[in-house]
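Asker: input_7.txt (compact mmCIF, C-alpha atoms) pasted underneath:
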```txt
# COMPACT_ATOMS: atom_id res chain seq x y z
CA LYS H 4 23.87 -25.39 -52.93
CA ALA H 5 26.81 -25.83 -55.27
CA ALA H 6 28.81 -27.72 -52.66
CA ALA H 7 25.86 -29.99 -51.87
CA GLN H 8 25.41 -30.81 -55.56
CA LEU H 9 29.09 -31.56 -56.14
CA ASP H 10 29.13 -34.47 -53.73
CA ASP H 11 25.78 -35.82 -52.64
CA SER H 12 27.45 -38.23 -50.22
CA THR H 13 29.03 -35.46 -48.16
CA LEU H 14 26.89 -34.43 -45.20
CA SER H 15 28.61 -31.19 -44.21
CA ALA H 16 27.49 -28.97 -47.11
CA GLN H 17 23.94 -30.31 -47.05
CA LEU H 18 23.66 -29.86 -43.28
CA GLU H 19 24.94 -26.33 -43.61
CA LEU H 20 22.39 -25.66 -46.35
CA ALA H 21 19.63 -27.00 -44.10
CA ARG H 22 20.83 -24.69 -41.29
CA LEU H 23 20.85 -21.72 -43.66
CA PHE H 24 17.30 -22.45 -44.79
CA LEU H 25 16.17 -22.68 -41.17
CA ARG H 26 17.95 -19.46 -40.28
CA GLY H 27 16.25 -17.78 -43.24
CA GLN H 28 12.83 -18.87 -41.94
CA ARG H 29 12.46 -21.51 -44.65
CA ALA H 30 11.81 -24.44 -42.32
CA GLU H 31 10.03 -26.62 -44.87
CA GLU H 32 12.97 -26.58 -47.26
CA SER H 33 15.29 -27.37 -44.36
CA ALA H 34 13.05 -30.26 -43.32
CA LYS H 35 13.13 -31.77 -46.82
CA ILE H 36 16.94 -31.82 -46.86
CA LEU H 37 17.12 -33.31 -43.37
CA ALA H 38 14.53 -36.01 -44.15
CA ARG H 39 16.61 -37.07 -47.15
CA LEU H 40 19.82 -37.07 -45.09
CA LEU H 41 18.17 -39.14 -42.36
CA GLU H 42 17.72 -41.98 -44.85
CA VAL H 43 21.44 -42.10 -45.70
CA ALA H 44 22.86 -41.13 -42.29
CA PRO H 45 20.43 -42.23 -39.55
CA ALA H 46 23.17 -42.12 -36.90
CA SER H 47 24.27 -38.52 -37.63
CA GLN H 48 23.95 -36.22 -34.63
CA GLY H 49 23.95 -33.25 -37.00
CA VAL H 50 20.89 -34.54 -38.83
CA HIS H 51 18.94 -35.20 -35.63
CA LEU H 52 19.98 -31.83 -34.21
CA GLY H 53 18.66 -30.18 -37.37
CA LEU H 54 15.39 -32.11 -37.09
CA LEU H 55 15.14 -30.96 -33.47
CA GLN H 56 15.51 -27.31 -34.54
CA VAL H 57 12.86 -27.75 -37.25
CA ALA H 58 10.49 -29.32 -34.70
CA LEU H 59 10.97 -26.34 -32.37
CA VAL H 60 10.24 -23.89 -35.19
CA ARG H 61 7.07 -25.83 -35.98
CA ARG H 62 6.27 -25.98 -32.24
CA ASP H 63 5.98 -29.76 -32.54
CA PHE H 64 7.23 -30.51 -29.05
CA ASP H 65 6.45 -34.23 -29.20
CA GLU H 66 8.73 -34.57 -32.22
CA ALA H 67 11.36 -32.46 -30.44
CA GLU H 68 11.28 -34.90 -27.49
CA ILE H 69 11.81 -37.80 -29.91
CA GLN H 70 14.84 -36.09 -31.46
CA ILE H 71 16.36 -35.33 -28.06
CA SER H 72 15.90 -39.00 -27.14
CA GLN H 73 17.68 -39.98 -30.38
CA LEU H 74 20.55 -37.59 -29.64
CA GLU H 75 20.90 -39.08 -26.16
CA LYS H 76 21.11 -42.60 -27.65
CA LEU H 77 23.73 -41.40 -30.13
CA GLY H 78 25.94 -40.18 -27.27
CA MET H 79 25.67 -36.42 -27.66
CA ASP H 80 27.89 -34.43 -25.28
CA GLU H 81 26.13 -34.11 -21.90
CA GLY H 82 26.47 -30.33 -21.75
CA ARG H 83 25.02 -29.81 -25.23
CA LEU H 84 22.23 -32.29 -24.54
CA ALA H 85 21.36 -30.49 -21.30
CA TYR H 86 21.20 -27.20 -23.20
CA GLU H 87 18.86 -28.67 -25.83
CA LYS H 88 16.56 -30.03 -23.12
CA ALA H 89 16.44 -26.62 -21.47
CA ALA H 90 15.78 -24.94 -24.82
CA LEU H 91 12.88 -27.35 -25.46
CA ASN H 92 11.36 -26.59 -22.05
CA ARG H 93 11.66 -22.88 -22.72
CA ALA H 94 10.02 -23.16 -26.15
CA ALA H 95 7.22 -25.28 -24.66
CA GLY H 96 6.46 -22.60 -22.07
CA ARG H 97 8.00 -24.40 -19.10
CA ARG H 98 9.96 -21.29 -18.13
CA ASP H 99 10.72 -22.07 -14.48
CA LEU H 100 12.15 -25.48 -15.33
CA ALA H 101 14.13 -24.06 -18.25
CA LYS H 102 15.51 -21.28 -16.07
CA ARG H 103 16.75 -23.77 -13.46
CA GLN H 104 18.37 -25.88 -16.16
CA PHE H 105 20.13 -22.90 -17.75
CA LEU H 106 21.33 -21.75 -14.30
CA ASP H 107 22.77 -25.24 -13.72
CA LEU H 108 24.62 -24.96 -17.02
CA VAL H 109 26.22 -21.57 -16.32
CA ASN H 110 27.34 -22.74 -12.88
CA LYS H 111 29.52 -25.40 -14.48
CA PRO H 112 33.16 -24.69 -15.46
CA GLN H 113 33.48 -22.81 -18.77
CA PRO H 114 29.75 -22.50 -19.50
CA ALA H 115 28.64 -22.14 -23.10
CA PRO H 116 27.50 -18.61 -24.05
CA ASP H 117 24.24 -20.08 -25.40
CA ALA H 118 23.06 -20.65 -21.84
CA TRP H 119 23.91 -17.08 -20.80
CA LEU H 120 22.04 -15.77 -23.84
CA ALA H 121 18.94 -17.80 -22.95
CA LEU H 122 19.09 -16.54 -19.35
CA ALA H 123 19.42 -12.94 -20.51
CA GLN H 124 16.35 -13.34 -22.73
CA LEU H 125 14.33 -15.06 -19.97
CA ALA H 126 15.37 -12.43 -17.42
CA GLY H 127 14.33 -9.67 -19.83
CA GLN H 128 10.90 -11.25 -20.26
CA GLU H 129 10.48 -11.67 -16.50
CA LYS H 130 11.95 -8.25 -15.69
CA ASP H 131 14.55 -9.91 -13.43
CA ARG H 132 17.05 -7.04 -13.49
CA GLU H 133 19.69 -8.73 -11.34
CA LEU H 134 19.85 -11.86 -13.49
CA PHE H 135 19.65 -9.82 -16.69
CA ASP H 136 22.64 -7.67 -15.72
CA LYS H 137 24.62 -10.75 -14.68
CA ALA H 138 23.91 -12.51 -17.96
CA MET H 139 24.69 -9.44 -20.06
CA ALA H 140 27.99 -8.97 -18.20
CA ALA H 141 28.88 -12.56 -19.07
CA LEU H 142 27.96 -12.01 -22.73
CA LYS H 143 30.18 -8.91 -22.92
CA LYS H 144 33.15 -11.18 -22.28
CA GLU H 145 32.21 -13.36 -25.26
CA ARG H 146 33.71 -11.20 -28.00
CA SER H 147 33.37 -13.92 -30.65
CA TYR H 148 29.74 -14.93 -30.06
CA PRO H 149 27.46 -13.16 -32.61
CA PRO H 150 24.09 -13.92 -30.92
CA GLY H 151 25.34 -12.37 -27.67
CA LEU H 152 26.79 -9.37 -29.49
CA PHE H 153 23.46 -8.91 -31.24
CA LEU H 154 21.57 -8.82 -27.93
CA LEU H 155 24.09 -6.32 -26.58
CA GLY H 156 23.54 -4.21 -29.70
CA GLU H 157 19.79 -4.36 -29.24
CA GLN H 158 20.16 -3.25 -25.63
CA ALA H 159 22.33 -0.31 -26.74
CA LEU H 160 19.65 0.66 -29.27
CA ALA H 161 16.98 0.54 -26.54
CA GLN H 162 19.15 2.89 -24.49
CA HIS H 163 19.57 5.21 -27.53
CA ASN H 164 23.33 4.57 -27.55
CA MET H 165 23.63 4.35 -31.32
CA ASP H 166 27.42 4.44 -31.51
CA GLU H 167 27.78 1.53 -29.11
CA ALA H 168 25.09 -0.41 -30.97
CA ARG H 169 26.92 0.18 -34.25
CA ARG H 170 30.15 -1.19 -32.76
CA TYR H 171 28.44 -4.41 -31.67
CA PHE H 172 26.76 -4.93 -35.05
CA GLU H 173 29.98 -4.17 -36.96
CA ARG H 174 31.81 -6.67 -34.76
CA ILE H 175 29.25 -9.29 -35.79
CA MET H 176 29.88 -8.52 -39.46
CA ILE H 177 33.60 -9.19 -38.95
CA LEU H 178 32.82 -12.57 -37.38
CA ASP H 179 29.90 -13.44 -39.67
CA PRO H 180 29.84 -11.40 -42.91
CA GLY H 181 26.56 -13.02 -43.93
CA ASN H 182 24.64 -12.08 -40.79
CA ILE H 183 21.43 -10.59 -42.19
CA GLU H 184 20.10 -9.43 -38.81
CA ALA H 185 23.20 -7.36 -37.98
CA LEU H 186 23.42 -5.99 -41.53
CA THR H 187 19.76 -4.93 -41.35
CA ARG H 188 20.37 -3.09 -38.08
CA LEU H 189 23.39 -1.29 -39.58
CA ALA H 190 21.30 -0.31 -42.60
CA GLN H 191 18.61 1.02 -40.25
CA LEU H 192 21.22 3.10 -38.40
CA ASP H 193 22.47 4.54 -41.70
CA PHE H 194 18.87 5.19 -42.75
CA ASP H 195 18.12 7.04 -39.50
CA ARG H 196 21.28 9.13 -39.83
CA ARG H 197 20.54 9.82 -43.51
CA ASN H 198 23.95 8.46 -44.44
CA ALA H 199 23.15 7.81 -48.11
CA VAL H 200 26.60 6.55 -49.14
CA SER H 201 26.89 3.98 -46.36
CA LEU H 202 23.24 2.95 -46.75
CA ARG H 203 23.78 2.29 -50.45
CA ASN H 204 26.65 -0.07 -49.59
CA ARG H 205 24.65 -1.83 -46.87
CA VAL H 206 21.69 -2.32 -49.21
CA ALA H 207 23.93 -3.82 -51.89
CA ALA H 208 25.43 -6.25 -49.37
CA LEU H 209 22.03 -7.16 -47.91
CA LEU H 210 20.45 -7.91 -51.28
CA ASP H 211 23.55 -9.79 -52.39
CA ILE H 212 23.09 -12.15 -49.44
CA ASP H 213 19.29 -12.32 -49.69
CA PRO H 214 17.93 -10.98 -53.00
CA ASP H 215 14.34 -11.12 -51.69
CA ASN H 216 15.05 -9.47 -48.34
CA SER H 217 12.06 -7.29 -47.47
CA PHE H 218 13.97 -4.63 -45.55
CA GLY H 219 16.75 -4.67 -48.13
CA HIS H 220 14.28 -3.57 -50.80
CA TYR H 221 12.73 -1.06 -48.40
CA PHE H 222 16.10 0.58 -47.78
CA ALA H 223 16.86 0.39 -51.51
CA ALA H 224 13.69 2.41 -52.09
CA SER H 225 15.02 5.16 -49.81
CA VAL H 226 18.25 5.24 -51.83
CA HIS H 227 16.22 5.63 -55.04
CA LEU H 228 14.07 8.34 -53.45
CA GLU H 229 17.18 10.28 -52.47
CA ALA H 230 18.27 10.10 -56.13
CA GLY H 231 14.82 11.23 -57.32
CA ARG H 232 14.06 7.92 -59.03
CA LEU H 233 10.43 7.43 -58.03
CA ASP H 234 9.95 4.66 -60.61
CA LEU H 235 12.73 2.55 -59.08
CA ALA H 236 11.51 3.36 -55.58
CA GLU H 237 8.04 2.05 -56.47
CA THR H 238 9.54 -1.18 -57.82
CA SER H 239 11.63 -1.70 -54.67
CA LEU H 240 8.69 -1.03 -52.36
CA ARG H 241 6.48 -3.49 -54.22
CA ARG H 242 9.21 -6.14 -53.99
CA SER H 243 9.51 -5.45 -50.27
CA LEU H 244 5.75 -5.79 -49.77
CA ALA H 245 5.67 -9.01 -51.79
CA ARG H 246 7.78 -10.57 -49.02
CA SER H 247 6.23 -8.85 -46.00
CA ASP H 248 3.23 -6.54 -45.54
CA TYR H 249 4.04 -3.68 -43.14
CA ASP H 250 2.93 -0.12 -42.66
CA MET H 251 6.21 1.71 -43.40
CA ALA H 252 6.47 0.29 -46.93
CA ARG H 253 2.74 0.82 -47.58
CA ASN H 254 3.11 4.44 -46.46
CA ASP H 255 6.14 5.10 -48.66
CA LEU H 256 4.43 3.47 -51.65
CA ALA H 257 1.40 5.69 -51.10
CA TRP H 258 3.66 8.75 -51.00
CA VAL H 259 5.40 7.76 -54.25
CA LEU H 260 2.09 7.11 -56.03
CA ASN H 261 0.73 10.46 -54.87
CA GLU H 262 3.85 12.25 -56.08
CA VAL H 263 3.43 10.85 -59.61
CA GLY H 264 -0.24 11.84 -59.74
CA ARG H 265 -1.84 8.48 -58.96
CA SER H 266 -3.69 9.72 -55.89
CA ASP H 267 -6.55 7.19 -56.09
CA GLU H 268 -4.05 4.30 -55.91
CA ALA H 269 -2.18 6.18 -53.19
CA MET H 270 -5.36 6.45 -51.10
CA VAL H 271 -5.81 2.66 -51.22
CA GLU H 272 -2.24 2.08 -50.04
CA ILE H 273 -2.38 4.64 -47.23
CA GLN H 274 -5.63 3.18 -45.91
CA ARG H 275 -3.89 -0.21 -45.76
CA ALA H 276 -0.94 1.36 -43.95
CA LEU H 277 -3.22 2.96 -41.35
CA ALA H 278 -5.13 -0.29 -40.89
CA LEU H 279 -1.81 -2.00 -40.11
CA ASN H 280 -0.68 0.74 -37.72
CA PRO H 281 -2.96 3.68 -36.89
CA ARG H 282 -0.23 5.17 -34.65
CA ASN H 283 2.21 5.80 -37.50
CA ALA H 284 2.49 9.59 -37.72
CA SER H 285 4.08 9.45 -41.18
CA SER H 286 1.04 7.63 -42.55
CA TRP H 287 -1.28 10.37 -41.33
CA ASP H 288 1.09 12.91 -42.89
CA THR H 289 0.95 11.06 -46.22
CA LEU H 290 -2.85 10.86 -45.99
CA ALA H 291 -2.89 14.65 -45.57
CA SER H 292 -0.81 15.05 -48.74
CA ILE H 293 -3.18 12.80 -50.71
CA GLN H 294 -6.25 14.62 -49.39
CA SER H 295 -4.67 17.95 -50.26
CA ARG H 296 -3.97 16.79 -53.83
CA GLN H 297 -7.61 15.66 -54.12
CA GLY H 298 -8.84 19.07 -52.98
CA GLU H 299 -9.98 17.97 -49.52
CA SER H 300 -8.42 20.88 -47.61
CA ALA H 301 -10.31 20.53 -44.33
CA GLU H 302 -9.72 16.78 -44.17
CA ALA H 303 -6.02 17.30 -44.93
CA GLU H 304 -5.65 19.69 -42.00
CA LEU H 305 -7.34 17.20 -39.66
CA SER H 306 -4.92 14.48 -40.78
CA LEU H 307 -2.00 16.86 -40.24
CA GLU H 308 -3.14 17.55 -36.70
CA LYS H 309 -3.23 13.80 -36.07
CA ALA H 310 0.29 13.41 -37.49
CA ARG H 311 1.68 16.27 -35.40
CA GLN H 312 -0.03 14.98 -32.28
CA ILE H 313 1.38 11.44 -32.64
CA SER H 314 4.88 12.70 -33.51
CA GLU H 315 4.74 15.27 -30.68
CA GLN H 316 5.90 17.89 -33.22
CA LYS H 317 9.36 16.30 -33.32
CA ASP H 318 9.41 15.03 -36.92
CA PRO H 319 10.92 17.64 -39.26
CA ALA H 320 9.46 16.07 -42.41
CA ILE H 321 5.95 16.21 -40.95
CA LEU H 322 6.39 19.81 -39.80
CA LEU H 323 7.61 20.87 -43.25
CA ASN H 324 4.79 19.09 -45.05
CA ALA H 325 2.31 20.64 -42.65
CA ALA H 326 3.70 24.11 -43.40
CA ALA H 327 3.45 23.47 -47.14
CA ILE H 328 -0.17 22.31 -46.93
CA TYR H 329 -1.15 25.17 -44.62
CA LEU H 330 0.36 27.61 -47.12
CA LYS H 331 -1.58 25.98 -49.96
CA ASN H 332 -4.78 26.39 -47.89
CA GLY H 333 -3.99 30.03 -47.16
CA SER H 334 -3.39 29.35 -43.43
CA ASN H 335 -0.15 31.33 -43.21
CA ASP H 336 -0.20 31.66 -39.42
CA LYS H 337 -0.42 27.89 -39.03
CA ALA H 338 2.42 27.52 -41.53
CA ARG H 339 4.61 29.91 -39.51
CA ALA H 340 3.79 28.01 -36.30
CA SER H 341 4.86 24.77 -37.96
CA MET H 342 8.15 26.34 -39.13
CA ALA H 343 8.76 27.74 -35.64
CA ALA H 344 8.32 24.25 -34.19
CA LEU H 345 10.87 23.00 -36.73
CA GLU H 346 13.41 25.63 -35.68
CA LYS H 347 13.05 24.57 -32.04
CA LEU H 348 14.11 21.02 -32.95
CA ASN H 349 17.54 22.28 -34.07
CA VAL H 350 18.20 19.17 -36.16
CA ARG H 351 20.27 18.59 -39.27
CA LEU H 352 18.03 18.27 -42.33
CA SER H 353 18.63 16.18 -45.43
CA LYS H 354 19.31 17.93 -48.73
CA THR H 355 15.73 17.35 -49.85
CA LEU H 356 14.23 18.75 -46.65
CA MET H 357 16.58 21.76 -46.76
CA GLU H 358 15.36 22.56 -50.26
CA GLN H 359 11.73 22.23 -49.14
CA LYS H 360 12.43 24.46 -46.14
CA GLY H 361 13.95 27.16 -48.38
CA ILE H 362 10.92 27.15 -50.69
CA ILE H 363 8.46 27.48 -47.79
CA GLU H 364 10.46 30.28 -46.12
CA GLY H 365 10.61 32.13 -49.43
CA ARG H 366 6.85 31.94 -49.86
CA LEU H 367 6.23 33.03 -46.26
CA ASN H 368 8.57 36.03 -46.64
CA HIS H 369 6.63 37.18 -49.67
```
Would you kindly transcribe this structure into structure tokens?

Answerer:
Amino acid sequence: KAAAQLDDSTLSAQLELARLFLRGQRAEESAKILARLLEVAPASQGVHLGLLQVALVRRDFDEAEIQISQLEKLGMDEGRLAYEKAALNRAAGRRDLAKRQFLDLVNKPQPAPDAWLALAQLAGQEKDRELFDKAMAALKKERSYPPGLFLLGEQALAQHNMDEARRYFERIMILDPGNIEALTRLAQLDFDRRNAVSLRNRVAALLDIDPDNSFGHYFAASVHLEAGRLDLAETSLRRSLARSDYDMARNDLAWVLNEVGRSDEAMVEIQRALALNPRNASSWDTLASIQSRQGESAEAELSLEKARQISEQKDPAILLNAAAIYLKNGSNDKARASMAALEKLNVRLSKTLMEQKGIIEGRLNH
């Protein structure tokens, strides 16, 4: 923004700002910049390319055709123009035609990695394993192409190869330190591993790049929860939900509200969470905690059973909460069964869960 304001006649900073807005899912702001630039630079390929990308985001395929025609008249490189035509056909649902066009592109000398990426994505959608493997092998050779590295990281995550996924995402951060998608994945990996120190650093970087980032505030809430700051966690969760409404944040907000004695508000939030995703085991676990606080013992046990069923008794936090509620209800045998299921998992617990485990074991031993 600063660069664009310093010299209004320079296209480069303003085009880059328009690209950043588009990348940040702010297409309308991008379109306003590009419309203004079109008036002063009607023969700029960069401006028309930006307008093409905005048209695709809006799914205005007629406008996209017009922009491609303009780029052709302005003498855009044949290979890049062919890629944009294929991308338009893909976006418009003409998959077979797009696939043939992308295959033509990768069969030329020194094909652009964009075409391989598109083929990998199409092959994944069509479950064409042979083409998918071929495209992914080509992308592995492109060590300086962040979109390809991101897809490779996503594939590693799907295969539960977390270390390999981390390497791909960290490579992206070296090439593109402002890559929000890769930074979010790294924060998620730290969150899953309960690496509080690394997560704190990732959250700071994520919110520095995008102060309103929904997942950034969600992960920030987990950092505050680890520090016992429920007030800050509530603020972060509400800021996350202001940007995007999703069940995980609703569930955590309900848990925080219940912990500070605002169970009626918590019940509203957990009902919203379950409406968004009734298969979230953690939400049923939180509902059980709220019901238990409100004195609804039988209902709490039913919610716990639902949580344990969905999680297949593999979530240590759910098993510990179940044991605590069973103890409160006087169902000691059920509490012991829940603790036995926890022992079978043989997983490393966070400091908070270890403390909770010690309290429950002490009460059971007495």

Asker: Identify, on the basis of all atoms listed in the file, every residue whose closest approach to stretch 306-311 of chain H does not exceed 12 Å; exclude the query and any residue fewer than 3 positions from it along the same chain; express the result as a PyMOL selection string.

Answerer: chain H and resi 277+281-295+299-303+314-329+337-338+340-341+344-345

Asker: Using only C-alpha atoms, determine which residues lie at most 8 Å from H:Tyr221, disregarding the query and same-chain residues fewer than 5 positions distant; provide the list as a PyMOL selection string.

Answerer: chain H and resi 239-240+243+252

Asker: At a cut-off of 7 Å, using all atoms listed in the file, what residues contact H:Phe24? Leave out same-chain residues fewer than 6 positions from it and give the result as a PDB file with C-alpha atoms, in the frame of the given file.

Answerer:
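Contents of the output file out-v8.pdb:
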```pdb
ATOM      1  CA  ALA H  30      11.810 -24.440 -42.320  1.00  0.00           C
ATOM      2  CA  GLU H  32      12.970 -26.580 -47.260  1.00  0.00           C
ATOM      3  CA  SER H  33      15.290 -27.370 -44.360  1.00  0.00           C
TER       4      SER H  33
END
```

Asker: Pick the closest to H:Asp166 from H:Glu262, H:Arg29, H:Arg196, H:Lys102: which is it, counting all atoms listed in the file?

Answerer: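 Of the candidates, the smallest distance to H:Asp166 is held by H:Arg196.
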
Asker: Figure out the distance between atom CA of H:Gly231 and atom CA of H:Val259, please, to one decimal in Å.

Answerer: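 That distance, rounded to one decimal, is 10.5 Å.
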
Asker: Have a look at H:Ala44, H:Ala94, H:Ala140, H:Leu330 and name the one nearest to H:Pro116; count all atoms listed in the file.

Answerer: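 The closest residue to H:Pro116 is H:Ala140.
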
Asker: Nearest to H:Glu268 among H:Ala223, H:Leu256, H:Leu228, H:Ala16, with distances taken over all atoms listed in the file: which residue is it?

Answerer: H:Leu256

Asker: Just checking: using all atoms listed in the file, which residue out of H:Lys35, H:Lys144, H:Arg265, H:Arg83 ends up closest to H:Gln48?

Answerer: H:Arg83

Asker: Please define a box with edges along x, y and z of the file around all atoms of stretch 183-195 of chain H given in the file, extend it by 8 Å on each side, and return its centre and edge lengths in Å to one decimal, as lines of an AutoDock Vina configuration file.

Answerer:
```
center_x = 20.8
center_y = -1.8
center_z = -40.4
size_x = 21.3
size_y = 33.6
size_z = 20.8
```

Asker: Calculated over only C-alpha atoms, which of the candidates H:Arg93, H:Arg170, H:Lys88, H:Lys331 has the smallest distance to H:Leu108?

Answerer: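 Using only C-alpha atoms, the shortest distance to H:Leu108 belongs to H:Lys88.
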
Asker: Mind pulling up the distance from atom CA of H:Ala89 to atom CA of H:Arg61?

Answerer: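 Going from atom CA of H:Arg61 over to atom CA of H:Ala89, I get 17.3 Å.
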
Asker: Can you measure atom CA of H:Trp119 to atom CA of H:Asp99 for me? One decimal in Å is fine.

Answerer: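 Atom CA of H:Trp119 sits 15.5 Å away from atom CA of H:Asp99.
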
Asker: Of the candidates H:Ala343, H:Ile71, H:Leu20, H:Leu189, which shows the shortest atom-to-atom distance to H:Tyr86, using all atoms listed in the file?

Answerer: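 With all atoms listed in the file as the atom set, the closest residue is H:Ile71.
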
Asker: Hey, what's within 12 Å of H:Asn368 if we count only C-alpha atoms and toss same-chain stuff fewer than 5 positions away? As a ChimeraX atom specification, please?

Answerer: /H:330,335,338-339,361-363

Asker: Using only C-alpha atoms, which protein or nucleic acid residues come within 12 Å of H:Ile69? Drop anything in the same chain fewer than 3 positions from it, and give the result as a list in words.

Answerer: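 Close residues of H:Ile69: His51, Leu52, Leu54, Leu55, Ala58, Leu59, Asp63, Phe64, Asp65, Glu66, Ser72, Gln73, Leu74, Glu75, Lys76, Lys88 and Leu91 of chain H.
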
Asker: With 12 Å as the threshold, what does the neighbourhood of (23.7, -3.8, -29.7) contain in terms of residues, counting all atoms listed in the file? Coordinates are those of the file; answer as a ChimeraX atom specification.

Answerer: /H:139,142-143,149-175,184-185,188-189,192
